Each structure stands twice: as structure tokens, then as C-alpha cells.
Amino acid sequence: MKRHRFTTTRIIMLGFFLGAALGTACLLLPISLKPGQSIDFFDAWFVAMSSICVTGLSTVNVGQTFSPFGQAVLLLLIQFGGLGVVTFTTLVLCMLHRRITLSDRMLLQSAYNLDTLSGLVRLTKRIVKVTLCLEALGALGYAFVFIPQYGAKGIWYSIFHAVSAFCNAGIDLLGGNSFCDYTGNVILNLTTVFLIFVSGLGFPVYWEIARNVSARLRAKRGACRRKMNLHTKLVLVATLSLILGGMLLTLILEWENPDTLGALSLPDRFLAALFQSVTLRTAGFATISQEYFRPASCLVYLLLMFIGGSPAGTAGGVKTVTFVLLLASMLANIRGKKDVTILHRRIADETIRRCIAIITFSFSALFVLTLALLAVQNSGFLDTLYEMTSAVATVGLSRGLTGSLNAAGKLIVSLAMYLGRIGPITLALAFNSRTPTANSSCAESKIIIG
């Protein structure tokens, strides 16, 4: 019999599923609940899956339902989901002083989509260190808000929300109203925006920026300076463009809406619009209730949620680079060009095929699961589509539908969060074959399209 081999794709899929199952079992324990609170299996499964998939949707009030132990379980699930199965496993092996074998290194190489086996363990350690440092910085910022308000409990609140924000989970302990009571709080808003922004860039961008800054500092006058690679340029330009574009459209569409920006002061309008645009990067926190936004704004938000953050980070969605390459491919076809080029660099055909596969998979999952939820849940179309886009893109924003989901609806949304967290990763790894395959010998045939 042939020995069964666990590929990276299967390990990632199984790791998230087993993590959610273990989290569900922990949340069902009496020690995880506050006195007088109860939770059934479907709610525990939903919250656990939402946490490990760093989505943020919740069918229960997290702060009022779970005890400190239960909240700690959620924090571990969020951190596990943010770092990823492979990174987290490597970290545990390093902590236990276990030897990282060649197969482990190949697993890391496949997960990070790198071309070399050298320095992978060191890279993993750097990822963990940067993550903990940025989360500590975020906790310090939150401390200025939560400690004066909650006292000693504010320390835990600061840590929890810093991890939740950096991992793009969007789960809060503030009573189920997210950050709506802090719409005009500059410190909390900017701290959250900072954590969401940096985590959405992706770890490879951190290293490239650090190398670029270091090279510039060391370079003498007149010496050749290091330029950023194409990936980093695309991530920075796409991220800033989407954030500024989302903020501008929010200001235009919601300026006179008394239920959203219309009731705020001028500085708070800009702050709220910035926060809304950034949180659509798959963060899930909100300073304005989503059900009050106009349909035109929601249409913009659906697109921004679907795109999500950037590769190799904690954000979800189809990723900014994937969307940019799809646009570049479309423009190349319109202009009659054979090759897809960006900034005088040719993009490999295999990369374009991966982008198309990822977007097709995500859109297909969104369509099928939205149809399924509409079939089992008596809810409006916009609210349902918003909910499912938020789940598939692991955003965590809702127009109020999450709390009214029935058992079937909870399972469908849970599946959406699971597919959204592993779907693009799984497809990217599945199409990332290191073994060259022979070209098809079939006769070529032309098909009418368009």
C-alpha cells in the first residue's frame, strides 16, 4: 500500500478544522462561561471558527458570555489563526527544542511560497517576534483608553483587542457594539488603524522595507541605493489607493446621512470614514453600525471586503496583488498585448492563471453560499450578501444578521469563514507545483468568447 502523505494544503485545512474543534470543546466547558451564562454547540462552534479564521462574526455577546478563561481561549485561537498553522507549529517545535527536519523546512517553503530552503526557521522566528512587538505596541496604545475607563481590567482589554486587531479578527469584549462608543476617540481609532494597516501589508513587505531603509542608511552619497521589488510596490500602491478611495467614497455617499456621518463633527467624519475604509481590509471592528449605511455605500464595501488585504499577512480576501494582476491582465487583453506587464516587468502566465483561479473560487463560493443562506434564512438580500461576503473574505462586519441566524445558517456561515480562510491559500499551494508537467499534445481549437 502506498503511504499516505500529508501535503501542505491538507495540513493547513486539517489544522484549522482541528483547531476550531478543540476551541469548541473548550468553550463548552463551564469554566469558559460567566455565572448564569450558557451556550449551545452551534454557537460555540460558530465563535470558535470565527476566532481561528480571524473573521469576527459572533452569534453571542463575547464580553458578557465568556469568562476570563473563555476569553483566553478565544485569544489563543485568534493568535493561532493569525500566525497560521505552519508558522504556529514551527514556533512550538522551536520552543520544545525539537529539530526542524528537511520535511518541515519544505513545508515552510511551500507555505511561504519561497524559492529557497535557507533561513526559513529564522524567518518564522522573525515573523513571531515582529507580531508580538506590534501587538505590544498596539496594547500600549489601547492602554491609554481602556485603563482609565476599566482600571486593572483595562490591561486585559488592551492586550485582547491589540491581538484581535493585528490578526484582523475584529472580536471585542466591549458588549457586542464593537467600537461604536469610541467613534471620536482619536487614540483608539488611530491605534486600530495602525494595527490593521501594518498587518494587512504582509510579512514579506516588512522585510523588504526594512532592507531598503537599512541600505539607504548605509549607502554613502552617490552610492547605488537598493530599490524595492515589484511585489512591495504593488502592495503599497494598491493598499493606499483602496484605503483612500474607500474613505473618499464613504465621505461622498454618507456625508448627509444622519445615521452615519451626518451626525458627527467635521473631524469625526473624516476619522470615521478612514476607520470604515481601513476596517474593510478584513478587520471587522466598527465605529458605525453597518446597517445604517446606504445601499450605494454597501456596494462599495462589498468590493473592498472581497479584495481584502495583501498576501502573506493576517488579512483575508482574494488579496490586493491578485486583484491588481487581474486588472493588468484585462488591460493587456484590451490593448491586444500578448504579455502582462507592470512597471516594465513581465508577469508569468502561471501567476495570472493562479489569480484567475483564486478569484473564481472565491466568487463561486460566495455565490453558492449566499444562495444557500437565502434558502434557509428569512433575511433581506443585501443583508445576506453583506454577511456572506464578510464571512468569505474573513472580515467580520455584519448588518445585524449574525445574531438571528438559525442552526443551518450558522453552519453555512461557519463553512464560509472556513473556506475564506483556507481557500485562496489552498488554491495557491495547489497550483504551486514544483514538478514540471508536460504540455498538452491535443490539437488546438478556437472558441468564440465575449
# chains A, B, ... in the order shown; residues from 1 in each chain; ligands from 1
>>> closest_atom_pairs(of="region 313-430 of chain A", to="region 145-166 of chain A", cutoff="12 Å", atoms="only C-alpha atoms", output="Markdown table")
| residue | atom | partner | partner_atom | distance |
| --- | --- | --- | --- | --- |
| A:Gly313 | CA | A:Phe166 | CA | 9.8 |
| A:Thr314 | CA | A:Phe166 | CA | 7.5 |
| A:Ala315 | CA | A:Phe166 | CA | 9.0 |
| A:Val395 | CA | A:Ala165 | CA | 11.3 |
| A:Gly396 | CA | A:Ser164 | CA | 11.4 |
>>> write_last_selection(atoms="all heavy atoms", output="CSV table (one decimal), in the first residue's frame")
chain,number,residue,atom,x,y,z
A,313,GLY,N,0.1,37.8,4.9
A,313,GLY,CA,-0.2,38.6,6.2
A,313,GLY,C,-1.3,37.9,6.9
A,313,GLY,O,-1.7,36.8,6.7
A,314,THR,N,-2.0,38.7,7.8
A,314,THR,CA,-3.1,38.2,8.6
A,314,THR,C,-4.5,38.5,8.0
A,314,THR,O,-5.5,38.0,8.5
A,314,THR,CB,-3.1,38.7,10.0
A,314,THR,OG1,-3.2,40.1,9.9
A,314,THR,CG2,-1.7,38.4,10.7
A,315,ALA,N,-4.5,39.2,6.9
A,315,ALA,CA,-5.8,39.7,6.3
A,315,ALA,C,-6.3,38.6,5.4
A,315,ALA,O,-5.6,37.6,5.0
A,315,ALA,CB,-5.6,41.0,5.5
A,395,VAL,N,-13.9,39.1,7.1
A,395,VAL,CA,-13.9,40.5,7.5
A,395,VAL,C,-14.5,40.6,8.9
A,395,VAL,O,-13.9,41.1,9.8
A,395,VAL,CB,-14.7,41.4,6.5
A,395,VAL,CG1,-14.8,42.8,7.0
A,395,VAL,CG2,-14.1,41.3,5.1
A,396,GLY,N,-15.8,40.1,9.1
A,396,GLY,CA,-16.4,40.2,10.4
A,396,GLY,C,-17.4,41.3,10.6
A,396,GLY,O,-17.9,41.5,11.7
>>> residues_around(residues="region 26-39 of chain A", least_positions_apart="2", cutoff="7 Å", atoms="only C-alpha atoms", output="short mmCIF file (atom, residue, chain, number, x, y, z; two decimals) with N, CA and C atoms, in the first residue's frame")
data_model
loop_
_atom_site.label_atom_id
_atom_site.label_comp_id
_atom_site.auth_asym_id
_atom_site.auth_seq_id
_atom_site.Cartn_x
_atom_site.Cartn_y
_atom_site.Cartn_z
N LEU A 22 -11.17 21.85 18.72
CA LEU A 22 -10.63 21.95 20.07
C LEU A 22 -11.13 23.20 20.77
N GLY A 23 -11.20 24.31 20.05
CA GLY A 23 -11.72 25.55 20.63
C GLY A 23 -13.18 25.41 21.04
N THR A 24 -13.97 24.71 20.22
CA THR A 24 -15.37 24.49 20.55
C THR A 24 -15.51 23.70 21.84
N PHE A 41 -23.96 24.04 21.27
CA PHE A 41 -22.86 23.60 20.41
C PHE A 41 -22.70 24.49 19.18
N ASP A 43 -23.48 27.64 18.66
CA ASP A 43 -22.88 28.95 18.96
C ASP A 43 -21.39 28.81 19.30
N ALA A 44 -21.05 27.78 20.08
CA ALA A 44 -19.64 27.56 20.43
C ALA A 44 -18.82 27.27 19.19
N THR A 65 -20.66 36.79 27.72
CA THR A 65 -20.88 35.34 27.78
C THR A 65 -19.69 34.59 28.37
N PHE A 66 -18.49 34.94 27.96
CA PHE A 66 -17.32 34.14 28.32
C PHE A 66 -16.56 34.73 29.50
N SER A 67 -16.08 33.83 30.33
CA SER A 67 -15.26 34.19 31.49
C SER A 67 -13.85 34.54 31.00
N PHE A 69 -11.26 32.83 31.35
CA PHE A 69 -10.69 31.63 30.74
C PHE A 69 -11.20 31.46 29.31
N GLY A 70 -12.50 31.63 29.11
CA GLY A 70 -13.05 31.52 27.77
C GLY A 70 -12.50 32.58 26.84
#
>>> select_by_dssp(residues="region 167-228 of chain A", states="helix (DSSP H, G or I)", output="number ranges by chain")
A: 180-182, 186-201, 203-218
>>> write_last_selection(atoms="C-alpha atoms", output="CSV table (one decimal), in the first residue's frame")
chain,number,residue,atom,x,y,z
A,180,CYS,CA,-19.2,52.4,18.2
A,181,ASP,CA,-18.9,54.1,21.5
A,182,TYR,CA,-15.4,55.4,20.5
A,186,VAL,CA,-8.5,59.6,18.3
A,187,ILE,CA,-6.2,57.3,20.2
A,188,LEU,CA,-8.3,54.2,19.8
A,189,ASN,CA,-9.1,54.9,16.2
A,190,LEU,CA,-5.5,55.5,15.1
A,191,THR,CA,-4.2,52.6,17.1
A,192,THR,CA,-6.7,50.3,15.4
A,193,VAL,CA,-6.0,51.8,12.0
A,194,PHE,CA,-2.2,51.3,12.5
A,195,LEU,CA,-2.6,47.6,13.6
A,196,ILE,CA,-4.9,46.8,10.7
A,197,PHE,CA,-2.8,48.6,8.1
A,198,VAL,CA,0.6,47.1,9.0
A,199,SER,CA,-0.9,43.6,9.4
A,200,GLY,CA,-2.6,43.8,6.1
A,201,LEU,CA,0.7,44.6,4.2
A,203,PHE,CA,5.3,40.0,6.3
A,204,PRO,CA,7.4,40.0,3.1
A,205,VAL,CA,6.7,43.7,2.7
A,206,TYR,CA,8.1,44.3,6.2
A,207,TRP,CA,11.4,42.7,5.3
A,208,GLU,CA,11.7,44.5,2.0
A,209,ILE,CA,11.0,47.9,3.6
A,210,ALA,CA,13.5,47.1,6.4
A,211,ARG,CA,16.2,46.1,3.9
A,212,ASN,CA,15.5,49.1,1.8
A,213,VAL,CA,15.7,51.5,4.7
A,214,SER,CA,18.9,49.8,6.1
A,215,ALA,CA,20.5,50.0,2.6
A,216,ARG,CA,19.7,53.7,2.3
A,217,LEU,CA,21.1,54.4,5.8
A,218,ARG,CA,24.3,52.6,5.0
>>> closest_atom_pairs(of="region 284-351 of chain A", to="region 418-423 of chain A", cutoff="12 Å", atoms="only C-alpha atoms", output="tab-separated table")
residue	atom	partner	partner_atom	distance
A:Met305	CA	A:Gly420	CA	11.6
A:Phe306	CA	A:Gly420	CA	10.1
A:Ile307	CA	A:Gly420	CA	11.8
A:Gly308	CA	A:Gly420	CA	10.9
A:Gly313	CA	A:Arg421	CA	11.8
A:Thr314	CA	A:Arg421	CA	9.8
A:Ala315	CA	A:Arg421	CA	9.1
A:Gly316	CA	A:Arg421	CA	6.6
A:Gly317	CA	A:Gly420	CA	7.2
A:Val318	CA	A:Gly420	CA	8.9
A:Lys319	CA	A:Gly420	CA	11.5
>>> write_last_selection(atoms="N, CA and C atoms", output="PDB file, in the first residue's frame")
ATOM      1  N   MET A 305     -14.285  44.546   0.680  1.00  0.00           N
ATOM      2  CA  MET A 305     -14.166  43.350   1.513  1.00  0.00           C
ATOM      3  C   MET A 305     -13.705  42.157   0.687  1.00  0.00           C
ATOM      4  N   PHE A 306     -14.228  42.027  -0.510  1.00  0.00           N
ATOM      5  CA  PHE A 306     -13.875  40.899  -1.362  1.00  0.00           C
ATOM      6  C   PHE A 306     -12.390  40.938  -1.729  1.00  0.00           C
ATOM      7  N   ILE A 307     -11.855  42.133  -1.958  1.00  0.00           N
ATOM      8  CA  ILE A 307     -10.426  42.267  -2.288  1.00  0.00           C
ATOM      9  C   ILE A 307      -9.576  41.945  -1.068  1.00  0.00           C
ATOM     10  N   GLY A 308      -9.897  42.549   0.080  1.00  0.00           N
ATOM     11  CA  GLY A 308      -9.191  42.244   1.323  1.00  0.00           C
ATOM     12  C   GLY A 308      -7.817  42.866   1.419  1.00  0.00           C
ATOM     13  N   GLY A 313       0.072  37.847   4.934  1.00  0.00           N
ATOM     14  CA  GLY A 313      -0.214  38.593   6.150  1.00  0.00           C
ATOM     15  C   GLY A 313      -1.349  37.940   6.904  1.00  0.00           C
ATOM     16  N   THR A 314      -2.006  38.704   7.764  1.00  0.00           N
ATOM     17  CA  THR A 314      -3.099  38.156   8.555  1.00  0.00           C
ATOM     18  C   THR A 314      -4.468  38.463   7.950  1.00  0.00           C
ATOM     19  N   ALA A 315      -4.500  39.247   6.886  1.00  0.00           N
ATOM     20  CA  ALA A 315      -5.768  39.653   6.287  1.00  0.00           C
ATOM     21  C   ALA A 315      -6.315  38.561   5.377  1.00  0.00           C
ATOM     22  N   GLY A 316      -7.608  38.670   5.056  1.00  0.00           N
ATOM     23  CA  GLY A 316      -8.253  37.715   4.176  1.00  0.00           C
ATOM     24  C   GLY A 316      -8.558  38.333   2.826  1.00  0.00           C
ATOM     25  N   GLY A 317      -9.602  37.830   2.168  1.00  0.00           N
ATOM     26  CA  GLY A 317      -9.951  38.309   0.845  1.00  0.00           C
ATOM     27  C   GLY A 317      -9.121  37.637  -0.237  1.00  0.00           C
ATOM     28  N   VAL A 318      -9.362  38.045  -1.501  1.00  0.00           N
ATOM     29  CA  VAL A 318      -8.591  37.483  -2.606  1.00  0.00           C
ATOM     30  C   VAL A 318      -7.220  38.123  -2.704  1.00  0.00           C
ATOM     31  N   LYS A 319      -6.983  39.176  -1.963  1.00  0.00           N
ATOM     32  CA  LYS A 319      -5.704  39.873  -1.834  1.00  0.00           C
ATOM     33  C   LYS A 319      -5.546  40.965  -2.900  1.00  0.00           C
TER      34      LYS A 319
END
